[in-house]
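Trainee: Can you read through this structure? Questions will come right after.
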Amino acid sequence: MGFSAEKLTTWPFEEVTQTYTEKDSIIYALGIGVGHDPLDQAQLNYVYEEADFAAFPSMAVVLAGPGFWSRDPGTSIEWEKLLHGEQGIVLHRPLPPSATVTATTRVTQVLDKGAGKAALIYTERDLVDQATGEMLATLTSTVFARGNGGFGGVSGPQDPPHAIPDRTPDAVCDSPTNASAALLYRLSGDPNPLHADPKVAAGAGFKAPILHGLCTLGIAAHAVLKTFAAYDSTRFKSLRLRFSSPVYPGETIRTQMWKDGTKISFRAYVVERDVMVLNNGCIEISES
């Protein structure tokens, strides 16, 4: 049996259990640029365990993931041609600074956009605190399987992306990244050599190792939380966005933001190349 929606929506994912520590929470926060100003007490709360310590909310995306399951030959996915297209986070309660969590991934939908285009694979996982049984977060993701379009599946319905307001941004935040940013972020659980090995990156058509897309997501979430929530992680409720283009470590990410009530629309560019890297973003924050 080749590639099919039925095969993927019934794929036997195993439950994943992960224990993370305060040190892991600090490494994640440093990886997305928190602590760039070590004299800012609000930033220290995410990178110094003796402060009013908290886990940065977007860290949910790296917890209890299923690994590179699409490389299993049984999926019939041409994994070399995968692109991470969309990501979503819904936080049901603030992440503990340390915990043991469990999650099971499921494929919720597979759409066929046609031969020569892609199959869209939608996944979802619920993150549960093992000690309390409470739901912490729901993570959604869409990948573009560019080698699997035209398999004979349905093409829709497909949710439209979040619309960016047609007006001047209400705020802009520039976030410099270090040349070693990908080497640090990979310690949060993504050891793909594309982000570390120059030879692997060159083989994939890049001039250097690229930054993880989920790191770029975290940098934008950092910009929004800094600008509109005074670094208060308890106000972060949800996030959704589309990935547009990769970032090279050392580049500056400019996040443009629009505030409409509790919803912050955003997109992000690389300043040095004037290239959009994130689009159709929306973060919902609660009132203070």
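Letters A, B, ... mark the chains of the structure tokens in the order given; residue numbers begin at 1 per chain; ligand numbers begin at 1, in order shown.
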Neighbours of Gly149 in chain A within 7 Å (only C-alpha atoms; same-chain residues fewer than 5 positions away dropped), as a PyMOL selection string?
Mentor: chain A and resi 112-119
Trainee: Please provide as number ranges by chain all residues within 12 Å of Pro160 in chain A, with the sequence filter that same-chain residues fewer than 5 positions apart are discarded (counting only C-alpha atoms).
Mentor: A: 86, 240-242, 280
Trainee: Mind the document's chain letters and residue numbers, and return as an MDAnalysis selection string the residues of range 10-125 of chain A that DSSP labels helix (DSSP H, G or I).
Mentor: chainID A and resid 22:31 41:47 57:62 69:71 73:75 79:81
Trainee: Env of Ile26 in chain A: 12 Å cut, atoms = only C-alpha atoms, seq-sep filter 6 positions within chain, self excluded. Answer as a CSV table (one decimal) with C-alpha atoms, in the first residue's frame.
Mentor:
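Result written to selection-v3.csv:
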```csv
chain,number,residue,atom,x,y,z
A,20,TYR,CA,12.4,18.5,31.3
A,32,ILE,CA,15.2,32.2,21.2
A,33,GLY,CA,17.1,35.3,22.4
A,34,VAL,CA,15.7,35.8,25.9
A,35,GLY,CA,18.4,37.2,28.1
A,43,GLN,CA,14.1,38.6,30.9
A,44,LEU,CA,16.0,37.1,33.8
A,45,ASN,CA,12.8,35.5,35.0
A,46,TYR,CA,13.1,33.0,32.1
A,47,VAL,CA,16.9,32.4,32.3
A,48,TYR,CA,17.8,32.6,36.0
A,49,GLU,CA,16.3,30.0,38.3
A,50,GLU,CA,16.6,32.1,41.4
A,51,ALA,CA,14.4,34.9,39.9
A,53,PHE,CA,11.3,31.8,37.3
A,54,ALA,CA,8.9,30.7,34.5
A,55,ALA,CA,9.0,28.6,31.4
A,56,PHE,CA,8.7,30.6,28.2
A,59,MET,CA,8.6,26.0,24.6
A,97,PRO,CA,9.3,25.4,34.8
A,98,SER,CA,10.0,21.7,35.1
A,184,LEU,CA,22.3,26.6,20.9
A,185,TYR,CA,18.6,26.0,19.8
A,187,LEU,CA,19.9,21.5,22.3
A,188,SER,CA,16.2,21.9,22.8
```
Trainee: Mind checking which residues fall within 12 Å of Thr100 in chain A, counting only C-alpha atoms, ignoring those fewer than 4 positions away in the same chain, and posting them as a PyMOL selection string?
Mentor: chain A and resi 16-22+63-64+95-96+127-134+136
Trainee: The selected residues should be written to file as an mmCIF file, in the first residue's frame (atoms: N, CA and C atoms).
Mentor:
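Dumped everything to again_27.cif:
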```
data_model
loop_
_atom_site.group_PDB
_atom_site.id
_atom_site.type_symbol
_atom_site.label_atom_id
_atom_site.label_comp_id
_atom_site.auth_asym_id
_atom_site.auth_seq_id
_atom_site.Cartn_x
_atom_site.Cartn_y
_atom_site.Cartn_z
ATOM 1 N N VAL A 16 4.627 9.469 23.922
ATOM 2 C CA VAL A 16 5.969 9.951 24.237
ATOM 3 C C VAL A 16 5.944 10.601 25.613
ATOM 4 N N THR A 17 6.889 10.230 26.465
ATOM 5 C CA THR A 17 7.040 10.840 27.783
ATOM 6 C C THR A 17 8.377 11.568 27.835
ATOM 7 N N GLN A 18 8.344 12.794 28.314
ATOM 8 C CA GLN A 18 9.581 13.585 28.403
ATOM 9 C C GLN A 18 9.627 14.296 29.744
ATOM 10 N N THR A 19 10.764 14.210 30.392
ATOM 11 C CA THR A 19 11.008 14.985 31.603
ATOM 12 C C THR A 19 11.934 16.138 31.257
ATOM 13 N N TYR A 20 11.501 17.352 31.560
ATOM 14 C CA TYR A 20 12.372 18.507 31.343
ATOM 15 C C TYR A 20 12.601 19.206 32.678
ATOM 16 N N THR A 21 13.731 19.868 32.776
ATOM 17 C CA THR A 21 14.165 20.499 34.019
ATOM 18 C C THR A 21 14.187 22.014 33.856
ATOM 19 N N GLU A 22 14.476 22.704 34.957
ATOM 20 C CA GLU A 22 14.638 24.153 34.884
ATOM 21 C C GLU A 22 15.780 24.514 33.930
ATOM 22 N N LEU A 63 8.208 19.953 23.220
ATOM 23 C CA LEU A 63 8.023 18.946 24.267
ATOM 24 C C LEU A 63 7.258 17.723 23.759
ATOM 25 N N ALA A 64 7.796 16.537 24.071
ATOM 26 C CA ALA A 64 7.133 15.243 23.809
ATOM 27 C C ALA A 64 6.672 15.095 22.366
ATOM 28 N N LEU A 95 2.996 26.698 31.284
ATOM 29 C CA LEU A 95 3.911 25.566 31.404
ATOM 30 C C LEU A 95 4.648 25.631 32.736
ATOM 31 N N PRO A 96 4.756 24.513 33.462
ATOM 32 C CA PRO A 96 5.604 24.500 34.655
ATOM 33 C C PRO A 96 7.070 24.686 34.252
ATOM 34 N N LEU A 127 -0.523 17.899 25.080
ATOM 35 C CA LEU A 127 0.554 17.803 26.064
ATOM 36 C C LEU A 127 -0.070 17.761 27.462
ATOM 37 N N VAL A 128 0.229 16.691 28.195
ATOM 38 C CA VAL A 128 -0.392 16.467 29.496
ATOM 39 C C VAL A 128 0.684 16.417 30.586
ATOM 40 N N ASP A 129 0.422 17.088 31.700
ATOM 41 C CA ASP A 129 1.302 17.023 32.866
ATOM 42 C C ASP A 129 1.067 15.680 33.545
ATOM 43 N N GLN A 130 2.084 14.833 33.563
ATOM 44 C CA GLN A 130 1.922 13.480 34.093
ATOM 45 C C GLN A 130 1.571 13.491 35.575
ATOM 46 N N ALA A 131 2.091 14.437 36.334
ATOM 47 C CA ALA A 131 1.871 14.458 37.777
ATOM 48 C C ALA A 131 0.441 14.820 38.140
ATOM 49 N N THR A 132 -0.179 15.721 37.376
ATOM 50 C CA THR A 132 -1.513 16.212 37.723
ATOM 51 C C THR A 132 -2.608 15.697 36.798
ATOM 52 N N GLY A 133 -2.208 15.208 35.605
ATOM 53 C CA GLY A 133 -3.195 14.792 34.623
ATOM 54 C C GLY A 133 -3.824 15.952 33.874
ATOM 55 N N GLU A 134 -3.359 17.170 34.137
ATOM 56 C CA GLU A 134 -3.934 18.353 33.489
ATOM 57 C C GLU A 134 -3.385 18.532 32.079
ATOM 58 N N LEU A 136 -1.864 20.653 29.318
ATOM 59 C CA LEU A 136 -1.061 21.866 29.281
ATOM 60 C C LEU A 136 -1.201 22.613 27.966
#
```
Trainee: Mind listing the strand (DSSP E or B) residues of range 215-287 of chain A, per DSSP on the backbone, as a ChimeraX atom specification?
Mentor: /A:236-243,252-260,263-270,275-285
Trainee: Determine, counting only C-alpha atoms, which protein, DNA and RNA residues have an atom within 10 Å of an atom of Gly213 in chain A; residues of the same chain fewer than 2 positions away are not included. Present the result as a list in words.
Mentor: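 Here the qualifying residues turn out to be His84, Gly85, Glu86, Gln87, Ile210, Leu211, Cys215, Thr216, Leu217, Gly218, Ile219, Arg242, Phe243, Ser244, Ser245, Pro246, Val247, Val277 and Leu278 of chain A.
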Trainee: Suppose we keep C-alpha atoms; can you now write the selection as a CSV table (one decimal), in the first residue's frame?
Mentor:
```
chain,number,residue,atom,x,y,z
A,84,HIS,CA,7.1,22.7,7.7
A,85,GLY,CA,4.3,25.0,6.5
A,86,GLU,CA,2.3,26.0,9.6
A,87,GLN,CA,2.4,25.8,13.4
A,210,ILE,CA,19.9,27.5,8.7
A,211,LEU,CA,18.0,28.4,11.8
A,215,CYS,CA,13.3,28.9,16.7
A,216,THR,CA,12.1,31.7,14.4
A,217,LEU,CA,8.6,31.1,15.8
A,218,GLY,CA,10.0,31.5,19.3
A,219,ILE,CA,11.8,34.7,18.5
A,242,ARG,CA,2.9,30.2,8.5
A,243,PHE,CA,6.6,29.7,7.7
A,244,SER,CA,7.7,31.6,4.5
A,245,SER,CA,11.5,31.4,4.3
A,246,PRO,CA,14.5,30.2,6.3
A,247,VAL,CA,16.8,32.4,8.4
A,277,VAL,CA,10.3,34.5,7.0
A,278,LEU,CA,7.0,34.3,8.9
```
Trainee: For Tyr231 in chain A, which residue among A:Leu91, A:Ala181, A:Ile121, A:Ala42 is the nearest when counting only C-alpha atoms?
Mentor: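 Counting only C-alpha atoms, the residue closest to Tyr231 in chain A is A:Ala42.
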Trainee: Using only C-alpha atoms, which residues sit within 8 Å of Arg125 in chain A once same-chain residues fewer than 6 positions away are excluded, as a ChimeraX atom specification?
Mentor: /A:103-106,138-140
Trainee: So how many Å separate CA of Val224 in chain A and CA of Val143 in chain A, to one decimal?
Mentor: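 CA of Val224 in chain A sits 24.6 Å away from CA of Val143 in chain A.
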